[in-house]
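Text of coords_19.csv (CSV, C-alpha atoms) as supplied:
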```
chain,number,residue,atom,x,y,z
A,1,MET,CA,-16.7,32.5,-53.1
A,2,LYS,CA,-18.6,35.5,-51.6
A,3,PHE,CA,-17.8,35.5,-47.9
A,4,CYS,CA,-14.8,34.8,-45.7
A,5,SER,CA,-15.0,31.3,-44.2
A,6,GLN,CA,-13.0,32.6,-41.1
A,7,CYS,CA,-14.9,35.8,-40.2
A,8,ALA,CA,-18.0,36.0,-42.5
A,9,ALA,CA,-17.0,39.4,-44.0
A,10,PRO,CA,-17.4,39.8,-47.8
A,11,VAL,CA,-14.3,38.8,-49.8
A,12,VAL,CA,-12.8,40.7,-52.7
A,13,ALA,CA,-11.0,39.3,-55.8
A,14,LYS,CA,-7.6,40.9,-55.9
A,15,VAL,CA,-3.9,40.2,-56.3
A,16,PRO,CA,-2.4,40.0,-52.8
A,17,LEU,CA,0.9,41.8,-52.1
A,18,GLY,CA,3.8,39.8,-53.3
A,19,ASP,CA,1.6,37.5,-55.4
A,20,ASN,CA,0.9,37.5,-59.1
A,21,ARG,CA,-2.6,35.9,-59.2
A,22,VAL,CA,-6.1,37.0,-58.4
A,23,ARG,CA,-7.3,35.4,-55.1
A,24,PHE,CA,-10.3,35.8,-52.9
A,25,VAL,CA,-9.0,38.0,-50.0
A,26,CYS,CA,-10.8,39.0,-46.8
A,27,GLU,CA,-10.0,42.7,-46.1
A,28,SER,CA,-11.4,42.3,-42.6
A,29,CYS,CA,-9.3,39.5,-41.2
A,30,GLN,CA,-6.7,39.5,-44.1
A,31,THR,CA,-7.1,35.8,-44.9
A,32,ILE,CA,-6.2,34.8,-48.4
A,33,HIS,CA,-8.4,32.0,-49.7
A,34,TYR,CA,-6.3,29.9,-52.1
A,35,GLN,CA,-8.1,27.6,-54.5
A,36,ASN,CA,-6.2,24.7,-56.0
A,37,PRO,CA,-6.7,21.8,-58.4
A,38,LYS,CA,-8.4,18.6,-57.2
A,39,LEU,CA,-7.1,15.1,-57.7
A,40,VAL,CA,-9.4,12.5,-59.2
A,41,VAL,CA,-8.0,9.1,-58.4
A,42,GLY,CA,-9.2,5.7,-59.6
A,43,CYS,CA,-8.4,2.2,-60.8
A,44,LEU,CA,-8.3,0.1,-64.0
A,45,PRO,CA,-9.2,-3.2,-62.4
A,46,VAL,CA,-8.1,-6.3,-64.4
A,47,TRP,CA,-9.4,-9.9,-64.1
A,48,GLN,CA,-7.7,-12.2,-66.5
A,49,ASP,CA,-8.2,-10.5,-69.9
A,50,ARG,CA,-11.1,-8.4,-68.8
A,51,ILE,CA,-11.6,-4.9,-67.3
A,52,LEU,CA,-14.1,-3.9,-64.6
A,53,LEU,CA,-16.4,-1.0,-65.6
A,54,CYS,CA,-19.2,0.8,-63.8
A,55,LYS,CA,-22.4,2.2,-65.3
A,56,ARG,CA,-23.0,5.6,-63.7
A,57,ALA,CA,-26.0,6.1,-61.5
A,58,ILE,CA,-25.3,9.8,-61.0
A,59,GLU,CA,-24.8,12.9,-63.1
A,60,PRO,CA,-22.8,13.9,-64.9
A,61,ARG,CA,-22.9,11.2,-67.6
A,62,TYR,CA,-25.7,9.2,-66.0
A,63,GLY,CA,-26.0,5.8,-67.7
A,64,LEU,CA,-22.5,5.8,-69.3
A,65,TRP,CA,-19.7,3.5,-68.4
A,66,THR,CA,-16.5,4.5,-66.5
A,67,LEU,CA,-13.6,3.1,-64.4
A,68,PRO,CA,-14.1,3.5,-60.7
A,69,ALA,CA,-12.6,6.9,-59.7
A,70,GLY,CA,-13.5,9.9,-57.6
A,71,PHE,CA,-12.1,12.9,-55.7
A,72,MET,CA,-9.2,12.1,-53.4
A,73,GLU,CA,-10.1,12.8,-49.7
A,74,ASN,CA,-7.9,14.5,-47.1
A,75,HIS,CA,-5.8,12.1,-45.0
A,76,GLU,CA,-5.4,9.3,-47.5
A,77,THR,CA,-2.7,8.2,-49.9
A,78,THR,CA,-3.3,8.0,-53.7
A,79,GLU,CA,-3.5,4.2,-53.5
A,80,GLN,CA,-5.9,4.3,-50.6
A,81,ALA,CA,-8.1,6.7,-52.6
A,82,ALA,CA,-8.1,4.4,-55.6
A,83,MET,CA,-9.0,1.4,-53.5
A,84,ARG,CA,-11.7,3.2,-51.7
A,85,GLU,CA,-13.3,4.5,-54.9
A,86,THR,CA,-13.2,1.0,-56.3
A,87,TRP,CA,-14.9,-0.4,-53.2
A,88,GLU,CA,-17.5,2.4,-53.1
A,89,GLU,CA,-18.5,2.2,-56.8
A,90,ALA,CA,-17.9,-1.5,-57.6
A,91,GLU,CA,-17.7,-3.3,-54.2
A,92,ALA,CA,-14.5,-4.8,-55.5
A,93,LYS,CA,-11.2,-5.3,-53.7
A,94,VAL,CA,-8.1,-4.6,-55.8
A,95,VAL,CA,-4.4,-5.4,-55.2
A,96,ASN,CA,-1.0,-4.6,-56.7
A,97,LEU,CA,-1.8,-1.1,-57.7
A,98,GLN,CA,0.6,0.4,-60.3
A,99,LEU,CA,0.4,4.1,-61.3
A,100,TYR,CA,-0.6,4.1,-65.0
A,101,THR,CA,-2.0,7.4,-66.4
A,102,VAL,CA,-1.9,11.0,-65.2
A,103,PHE,CA,-4.0,13.6,-67.0
A,104,SER,CA,-4.1,17.3,-66.3
A,105,LEU,CA,-7.4,19.0,-67.2
A,106,PRO,CA,-6.6,22.6,-66.7
A,107,HIS,CA,-10.0,23.9,-67.9
A,108,ILE,CA,-11.6,22.3,-64.9
A,109,SER,CA,-8.6,22.4,-62.6
A,110,GLN,CA,-8.5,18.6,-62.1
A,111,VAL,CA,-5.6,16.1,-62.3
A,112,TYR,CA,-6.7,12.4,-63.0
A,113,PHE,CA,-4.5,9.8,-61.5
A,114,MET,CA,-5.3,6.2,-62.6
A,115,PHE,CA,-3.7,3.0,-61.3
A,116,ARG,CA,-3.7,-0.4,-63.0
A,117,ALA,CA,-4.8,-3.0,-60.4
A,118,GLU,CA,-5.5,-6.7,-60.1
A,119,LEU,CA,-8.9,-8.1,-59.1
A,120,PRO,CA,-7.9,-11.2,-57.2
A,121,GLU,CA,-11.3,-12.7,-57.7
A,122,PRO,CA,-14.3,-11.7,-59.9
A,123,LYS,CA,-16.4,-10.4,-57.0
A,124,PHE,CA,-18.1,-7.1,-57.4
A,125,ALA,CA,-21.5,-5.4,-57.2
A,126,PRO,CA,-22.9,-2.0,-58.0
A,127,GLY,CA,-22.2,0.6,-55.2
A,128,SER,CA,-24.7,3.4,-54.6
A,129,GLU,CA,-23.2,5.5,-57.5
A,130,SER,CA,-23.4,2.7,-60.0
A,131,LEU,CA,-26.4,1.1,-61.9
A,132,GLU,CA,-24.4,-1.9,-63.0
A,133,VAL,CA,-20.8,-3.3,-62.8
A,134,ALA,CA,-19.4,-5.8,-65.2
A,135,LEU,CA,-16.2,-7.2,-66.7
A,136,PHE,CA,-15.4,-6.5,-70.4
A,137,SER,CA,-12.9,-7.9,-72.8
A,138,GLU,CA,-11.4,-5.4,-75.3
A,139,ALA,CA,-14.0,-6.3,-77.9
A,140,GLU,CA,-16.9,-6.1,-75.5
A,141,ILE,CA,-16.1,-2.6,-74.1
A,142,PRO,CA,-18.9,-0.2,-74.9
A,143,TRP,CA,-16.5,2.2,-76.6
A,144,ASP,CA,-19.2,4.6,-77.7
A,145,ASN,CA,-20.7,4.9,-74.2
A,146,ILE,CA,-17.7,5.7,-72.1
A,147,ALA,CA,-18.4,8.6,-69.7
A,148,PHE,CA,-15.2,10.6,-69.9
A,149,PRO,CA,-12.5,11.1,-72.5
A,150,VAL,CA,-9.6,10.5,-70.0
A,151,ILE,CA,-11.2,7.1,-69.1
A,152,LYS,CA,-11.5,6.2,-72.8
A,153,GLN,CA,-7.8,7.2,-73.3
A,154,THR,CA,-6.7,5.1,-70.3
A,155,LEU,CA,-8.6,2.1,-71.7
A,156,ASN,CA,-7.2,2.6,-75.2
A,157,GLN,CA,-3.7,3.0,-73.8
A,158,TYR,CA,-4.0,-0.2,-71.7
A,159,PHE,CA,-4.9,-2.4,-74.7
A,160,LEU,CA,-2.1,-0.8,-76.7
A,161,ASP,CA,0.5,-1.5,-74.0
A,162,LYS,CA,-0.9,-5.0,-73.4
A,163,VAL,CA,0.4,-6.1,-76.8
A,164,ALA,CA,4.0,-5.6,-75.6
A,165,ASN,CA,3.1,-6.4,-71.9
A,166,HIS,CA,4.8,-3.1,-71.0
A,167,PHE,CA,2.9,-0.5,-69.0
A,168,PRO,CA,4.9,2.7,-68.5
A,169,VAL,CA,3.4,5.6,-66.7
A,170,HIS,CA,1.7,8.0,-69.2
A,171,VAL,CA,1.5,11.7,-68.5
A,172,ALA,CA,-0.8,13.7,-70.7
A,173,ASN,CA,-3.0,16.8,-70.8
A,174,VAL,CA,-6.5,17.5,-72.0
A,175,ILE,CA,-6.6,21.1,-73.3
A,176,LYS,CA,-9.9,22.8,-73.7
A,177,PRO,CA,-11.1,26.4,-73.5
A,178,PHE,CA,-11.6,27.8,-70.1
A,179,LYS,CA,-15.1,28.8,-69.0
A,180,GLU,CA,-15.8,32.5,-69.0
A,181,GLN,CA,-16.0,32.8,-65.2
A,182,CYS,CA,-12.4,31.5,-65.0
A,183,ILE,CA,-10.8,34.1,-67.3
A,184,HIS,CA,-9.9,36.6,-64.6
A,185,SER,CA,-7.5,34.0,-63.2
A,186,VAL,CA,-5.9,33.4,-66.6
A,187,LEU,CA,-5.5,37.1,-67.3
A,188,SER,CA,-3.5,37.4,-64.0
A,189,LEU,CA,-0.8,35.0,-65.2
A,190,PRO,CA,2.7,36.6,-65.2
B,191,MET,CA,-13.8,26.8,-41.5
B,192,LYS,CA,-16.3,28.7,-39.5
B,193,PHE,CA,-18.7,30.4,-41.9
B,194,CYS,CA,-20.3,29.5,-45.3
B,195,SER,CA,-18.4,31.1,-48.2
B,196,GLN,CA,-21.7,31.3,-50.1
B,197,CYS,CA,-24.1,32.9,-47.6
B,198,ALA,CA,-22.0,33.8,-44.5
B,199,ALA,CA,-24.1,31.6,-42.1
B,200,PRO,CA,-22.1,29.6,-39.5
B,201,VAL,CA,-21.2,26.1,-40.8
B,202,VAL,CA,-21.5,22.8,-38.8
B,203,ALA,CA,-19.3,19.8,-39.0
B,204,LYS,CA,-21.5,16.8,-39.8
B,205,VAL,CA,-21.8,13.8,-42.1
B,206,PRO,CA,-24.1,14.8,-45.0
B,207,LEU,CA,-26.9,12.5,-46.1
B,208,GLY,CA,-25.5,9.8,-48.4
B,209,ASP,CA,-21.9,10.6,-47.4
B,210,ASN,CA,-19.6,8.8,-44.9
B,211,ARG,CA,-17.3,11.6,-43.9
B,212,VAL,CA,-17.6,14.7,-41.7
B,213,ARG,CA,-17.8,17.9,-43.9
B,214,PHE,CA,-18.4,21.5,-43.2
B,215,VAL,CA,-22.1,22.0,-44.1
B,216,CYS,CA,-24.1,25.2,-44.3
B,217,GLU,CA,-27.6,24.4,-42.8
B,218,SER,CA,-28.8,27.8,-44.1
B,219,CYS,CA,-28.1,27.4,-47.9
B,220,GLN,CA,-27.3,23.6,-47.8
B,221,THR,CA,-23.8,24.0,-49.4
B,222,ILE,CA,-21.4,21.2,-48.5
B,223,HIS,CA,-17.8,22.6,-48.4
B,224,TYR,CA,-15.5,19.7,-49.5
B,225,GLN,CA,-11.9,19.9,-48.6
B,226,ASN,CA,-9.4,18.0,-50.7
B,227,PRO,CA,-5.6,17.3,-50.8
B,228,LYS,CA,-3.3,19.8,-52.5
B,229,LEU,CA,-0.7,19.0,-55.2
B,230,VAL,CA,2.8,20.2,-54.6
B,231,VAL,CA,4.6,20.1,-58.0
B,232,GLY,CA,8.3,20.7,-58.8
B,233,CYS,CA,11.4,19.9,-60.7
B,234,LEU,CA,14.8,18.1,-60.3
B,235,PRO,CA,16.7,20.3,-62.8
B,236,VAL,CA,19.8,18.6,-64.2
B,237,TRP,CA,22.8,20.4,-65.8
B,238,GLN,CA,25.5,17.9,-66.9
B,239,ASP,CA,26.2,15.9,-63.6
B,240,ARG,CA,24.8,18.5,-61.3
B,241,ILE,CA,21.4,19.3,-59.7
B,242,LEU,CA,20.0,22.8,-59.2
B,243,LEU,CA,19.0,23.5,-55.6
B,244,CYS,CA,17.4,26.6,-53.9
B,245,LYS,CA,18.1,27.9,-50.4
B,246,ARG,CA,14.8,28.8,-48.9
B,247,ALA,CA,14.2,32.5,-48.1
B,248,ILE,CA,10.8,31.7,-46.5
B,249,GLU,CA,9.4,29.6,-43.7
B,250,PRO,CA,9.1,26.8,-43.1
B,251,ARG,CA,12.7,25.6,-43.2
B,252,TYR,CA,14.2,29.0,-43.9
B,253,GLY,CA,17.9,28.7,-44.9
B,254,LEU,CA,17.6,25.0,-45.9
B,255,TRP,CA,18.1,23.7,-49.4
B,256,THR,CA,15.3,22.3,-51.6
B,257,LEU,CA,14.3,21.5,-55.2
B,258,PRO,CA,12.1,24.2,-56.8
B,259,ALA,CA,8.4,23.2,-56.0
B,260,GLY,CA,5.2,24.6,-54.8
B,261,PHE,CA,1.4,24.4,-54.8
B,262,MET,CA,-0.1,23.7,-58.2
B,263,GLU,CA,-2.5,26.5,-59.3
B,264,ASN,CA,-5.9,26.3,-60.9
B,265,HIS,CA,-5.9,26.3,-64.7
B,266,GLU,CA,-2.4,24.8,-65.3
B,267,THR,CA,-1.0,21.4,-66.1
B,268,THR,CA,1.4,19.6,-63.8
B,269,GLU,CA,4.3,20.3,-66.2
B,270,GLN,CA,3.3,24.0,-66.4
B,271,ALA,CA,3.2,24.1,-62.6
B,272,ALA,CA,6.7,22.5,-62.3
B,273,MET,CA,8.1,24.9,-64.9
B,274,ARG,CA,6.5,28.0,-63.2
B,275,GLU,CA,7.8,27.0,-59.8
B,276,THR,CA,11.3,26.5,-61.3
B,277,TRP,CA,11.1,29.9,-62.8
B,278,GLU,CA,9.7,31.7,-59.7
B,279,GLU,CA,12.2,30.1,-57.3
B,280,ALA,CA,15.3,29.7,-59.4
B,281,GLU,CA,14.8,31.9,-62.5
B,282,ALA,CA,15.7,28.8,-64.5
B,283,LYS,CA,14.1,27.5,-67.7
B,284,VAL,CA,13.8,23.7,-67.9
B,285,VAL,CA,12.9,21.4,-70.8
B,286,ASN,CA,12.1,17.7,-71.3
B,287,LEU,CA,10.2,17.2,-68.1
B,288,GLN,CA,9.7,13.5,-67.1
B,289,LEU,CA,7.5,12.5,-64.1
B,290,TYR,CA,9.8,11.0,-61.5
B,291,THR,CA,8.5,10.8,-57.9
B,292,VAL,CA,5.0,10.9,-56.5
B,293,PHE,CA,4.7,11.0,-52.7
B,294,SER,CA,1.4,11.0,-50.7
B,295,LEU,CA,1.7,12.8,-47.3
B,296,PRO,CA,-1.7,12.0,-45.8
B,297,HIS,CA,-0.9,13.6,-42.4
B,298,ILE,CA,-0.9,17.0,-44.1
B,299,SER,CA,-3.1,16.1,-47.1
B,300,GLN,CA,-0.6,16.8,-49.8
B,301,VAL,CA,0.6,14.9,-52.8
B,302,TYR,CA,4.1,15.7,-54.1
B,303,PHE,CA,4.7,15.4,-57.8
B,304,MET,CA,8.3,15.8,-58.9
B,305,PHE,CA,9.6,15.9,-62.5
B,306,ARG,CA,13.2,15.3,-63.7
B,307,ALA,CA,14.0,18.1,-66.1
B,308,GLU,CA,17.0,19.4,-68.2
B,309,LEU,CA,18.6,22.8,-67.7
B,310,PRO,CA,19.6,23.6,-71.3
B,311,GLU,CA,22.1,26.1,-70.0
B,312,PRO,CA,23.4,26.9,-66.5
B,313,LYS,CA,21.5,30.2,-66.2
B,314,PHE,CA,19.7,30.8,-62.9
B,315,ALA,CA,19.3,33.3,-60.1
B,316,PRO,CA,17.5,33.4,-56.8
B,317,GLY,CA,13.8,34.2,-57.1
B,318,SER,CA,12.0,36.1,-54.3
B,319,GLU,CA,11.5,32.9,-52.2
B,320,SER,CA,15.2,31.9,-52.5
B,321,LEU,CA,18.3,33.2,-50.8
B,322,GLU,CA,20.7,31.4,-53.1
B,323,VAL,CA,20.5,29.0,-56.1
B,324,ALA,CA,23.4,26.7,-57.1
B,325,LEU,CA,24.4,23.6,-58.9
B,326,PHE,CA,25.6,20.6,-56.9
B,327,SER,CA,27.2,17.3,-57.8
B,328,GLU,CA,26.2,14.3,-55.7
B,329,ALA,CA,29.2,14.8,-53.4
B,330,GLU,CA,28.6,18.5,-53.0
B,331,ILE,CA,24.9,18.3,-52.1
B,332,PRO,CA,24.3,19.6,-48.5
B,333,TRP,CA,22.7,16.3,-47.5
B,334,ASP,CA,22.3,17.4,-43.8
B,335,ASN,CA,20.6,20.7,-44.8
B,336,ILE,CA,17.8,19.5,-47.1
B,337,ALA,CA,14.5,21.2,-46.2
B,338,PHE,CA,12.0,18.3,-46.7
B,339,PRO,CA,12.3,14.5,-46.4
B,340,VAL,CA,10.5,13.9,-49.8
B,341,ILE,CA,13.1,16.2,-51.5
B,342,LYS,CA,15.9,14.3,-49.9
B,343,GLN,CA,14.3,11.0,-51.0
B,344,THR,CA,13.9,12.3,-54.5
B,345,LEU,CA,17.6,13.3,-54.7
B,346,ASN,CA,18.7,10.0,-53.2
B,347,GLN,CA,16.6,8.0,-55.7
B,348,TYR,CA,18.0,10.1,-58.6
B,349,PHE,CA,21.6,9.2,-57.8
B,350,LEU,CA,20.7,5.5,-57.3
B,351,ASP,CA,18.8,5.4,-60.6
B,352,LYS,CA,21.6,7.3,-62.3
B,353,VAL,CA,24.0,4.4,-61.9
B,354,ALA,CA,21.8,2.3,-64.2
B,355,ASN,CA,20.7,5.3,-66.2
B,356,HIS,CA,17.1,4.1,-65.7
B,357,PHE,CA,14.6,6.4,-64.1
B,358,PRO,CA,11.2,4.7,-63.6
B,359,VAL,CA,8.4,6.7,-61.9
B,360,HIS,CA,8.5,6.0,-58.1
B,361,VAL,CA,5.3,6.2,-56.1
B,362,ALA,CA,5.7,6.3,-52.3
B,363,ASN,CA,4.0,7.5,-49.1
B,364,VAL,CA,5.2,9.3,-46.0
B,365,ILE,CA,3.2,8.1,-43.1
B,366,LYS,CA,3.2,10.2,-39.9
B,367,PRO,CA,0.6,10.6,-37.2
B,368,PHE,CA,-2.3,13.0,-37.9
B,369,LYS,CA,-2.5,16.2,-35.9
B,370,GLU,CA,-5.1,16.2,-33.3
B,371,GLN,CA,-7.4,18.6,-35.0
B,372,CYS,CA,-7.7,16.2,-37.9
B,373,ILE,CA,-8.8,13.2,-36.0
B,374,HIS,CA,-12.6,13.9,-36.5
B,375,SER,CA,-12.1,13.2,-40.2
B,376,VAL,CA,-10.2,10.0,-39.5
B,377,LEU,CA,-12.9,8.7,-37.1
B,378,SER,CA,-15.5,9.2,-39.7
B,379,LEU,CA,-13.9,6.7,-42.1
B,380,PRO,CA,-16.2,3.8,-43.0
```
As structure tokens:
Amino acid sequence: MKFCSQCAAPVVAKVPLGDNRVRFVCESCQTIHYQNPKLVVGCLPVWQDRILLCKRAIEPRYGLWTLPAGFMENHETTEQAAMRETWEEAEAKVVNLQLYTVFSLPHISQVYFMFRAELPEPKFAPGSESLEVALFSEAEIPWDNIAFPVIKQTLNQYFLDKVANHFPVHVANVIKPFKEQCIHSVLSLP
Amino acid sequence: MKFCSQCAAPVVAKVPLGDNRVRFVCESCQTIHYQNPKLVVGCLPVWQDRILLCKRAIEPRYGLWTLPAGFMENHETTEQAAMRETWEEAEAKVVNLQLYTVFSLPHISQVYFMFRAELPEPKFAPGSESLEVALFSEAEIPWDNIAFPVIKQTLNQYFLDKVANHFPVHVANVIKPFKEQCIHSVLSLP
């Protein structure tokens, strides 16, 4: 962030009065520009004993397989976001959504939020962000070509929990080093 | 948003190519400024059969009681955010955090994320955003003076679940009308 989105004056990075973190602050109109983590919401769509995966038609991880998921939009619920992403990426309608995995990825300030969901019928097709969409049994899943670690962990956990037919909500974190440009925020922690 | 935070040119509200929602777009440097929901993360701190509540020293809802909670910051996990807020608002250290309630509030584009947590000892004090901090049994809770409906629902659910000593994760939504200034986003839904 270089300029104030309210008045176009240059912003400075500083700790506002009464705060304990570096923020982008406009010294002209006094607006404090807070930046917060984003929610990535998606589904693990199940049809009989198979899971619906999408082959990515976009970067990052073009050509690798993933569960339908994407950034939650303003003015929707988490379930609506999960259903919308499943429709946009796989042209599939899902029902009976149950929260399943929650992953914090602090190095990129994202929280993943994945629901188990039922595909009432095996109807799907690649959306504009997918090259291909298909159903996979556990043995058929392209385990070496999954786009994101949190998606692989969600799939692994699903097949573990399926043995006992018990699917509690799993909360976990993926801890990696921060990128250099983020370090000023870290140093400002109390 | 009026000006581009990258180049200070005025932004326009339009649907970018390949998108289906109105975004703030800079037609000078082509930056698309996405806006996404914020996570509000907090704790329900338990000491024996009592819950720790904070009396708000800030608006909105000055003087009403709430659980310690606030906006999740970049570069932290959900548990770290919940512990930080509990320290900032109640100067209390909590352990053994368990995800408990998740509420989507689409009218204000927020997702609440509340953890049950144990207070290992009854040590606490008002932080700068609290007038007072205290432990309450179910009968003592100031039910008519709770600051936010989702906090009241979390407290109600806790005492219901306590009867069976079983605390599953609850996912729910609070649906209210959008404010008028938000309607352009709603109309752009596919």
If you take all atoms listed in the file and a cut-off of 6 Å, which residues of chain B touch chain A, and what are their nearest atom pairs and distances in Å to one decimal, in chain and number order, as a tab-separated table?
```
residue	atom	partner	partner_atom	distance
B:Met191	CA	A:Ser5	CA	5.4
B:Lys192	CA	A:Gln6	CA	5.4
B:Phe193	CA	A:Ser5	CA	4.4
B:Cys194	CA	A:Ser5	CA	5.7
B:Ser195	CA	A:Phe3	CA	4.5
B:Gln196	CA	A:Lys2	CA	5.4
B:Ala198	CA	A:Ala8	CA	5.0
B:Asn226	CA	A:Asn74	CA	5.2
B:Pro227	CA	A:Asn74	CA	5.2
B:Glu263	CA	A:Asn36	CA	5.3
B:Asn264	CA	A:Ser109	CA	5.0
B:His265	CA	A:Pro106	CA	4.3
B:Glu266	CA	A:Pro106	CA	4.9
B:Thr267	CA	A:Ser104	CA	5.1
B:Ser294	CA	A:Thr77	CA	5.0
B:Pro296	CA	A:His75	CA	4.2
B:His297	CA	A:His75	CA	5.7
B:Ser299	CA	A:Asn74	CA	5.1
```
For a test of reading the model, state the distance in Å between CA of Leu242 in chain B and CA of Ala324 in chain B, rounded to one decimal.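 Value for the CA of Leu242 in chain B-CA of Ala324 in chain B distance: 5.6 Å.
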All residues 7 Å or closer to Glu85 in chain A, all atoms listed in the file, same chain fewer than 3 positions away omitted, as a VMD selection string: chain A and resid 42 68 to 70 81 to 82 88 to 89
Using only C-alpha atoms, find the one residue out of A:Asn145, A:Ala92, A:Cys43, A:Ala164 that sits nearest to Phe113 in chain A. A:Cys43
Which one of A:Cys26, A:Val94, A:Val133, A:Val150 sits closest to Cys54 in chain A if you count only C-alpha atoms?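 Nearest to Cys54 in chain A: A:Val133.
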Point-to-point distance in Å for CA of Trp237 in chain B and CA of Leu345 in chain B: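 That distance, rounded to one decimal, is 14.2 Å.
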Enter the distance from CA of Thr86 in chain A to CA of Phe124 in chain A, in Å, rounded to one decimal. 9.5 Å
Tell me which of B:Leu350, B:Leu321, B:Ala307, B:Val202 sits closest to Ile248 in chain B, counting only C-alpha atoms.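 Once distances to Ile248 in chain B are computed over only C-alpha atoms, the minimum belongs to B:Leu321.
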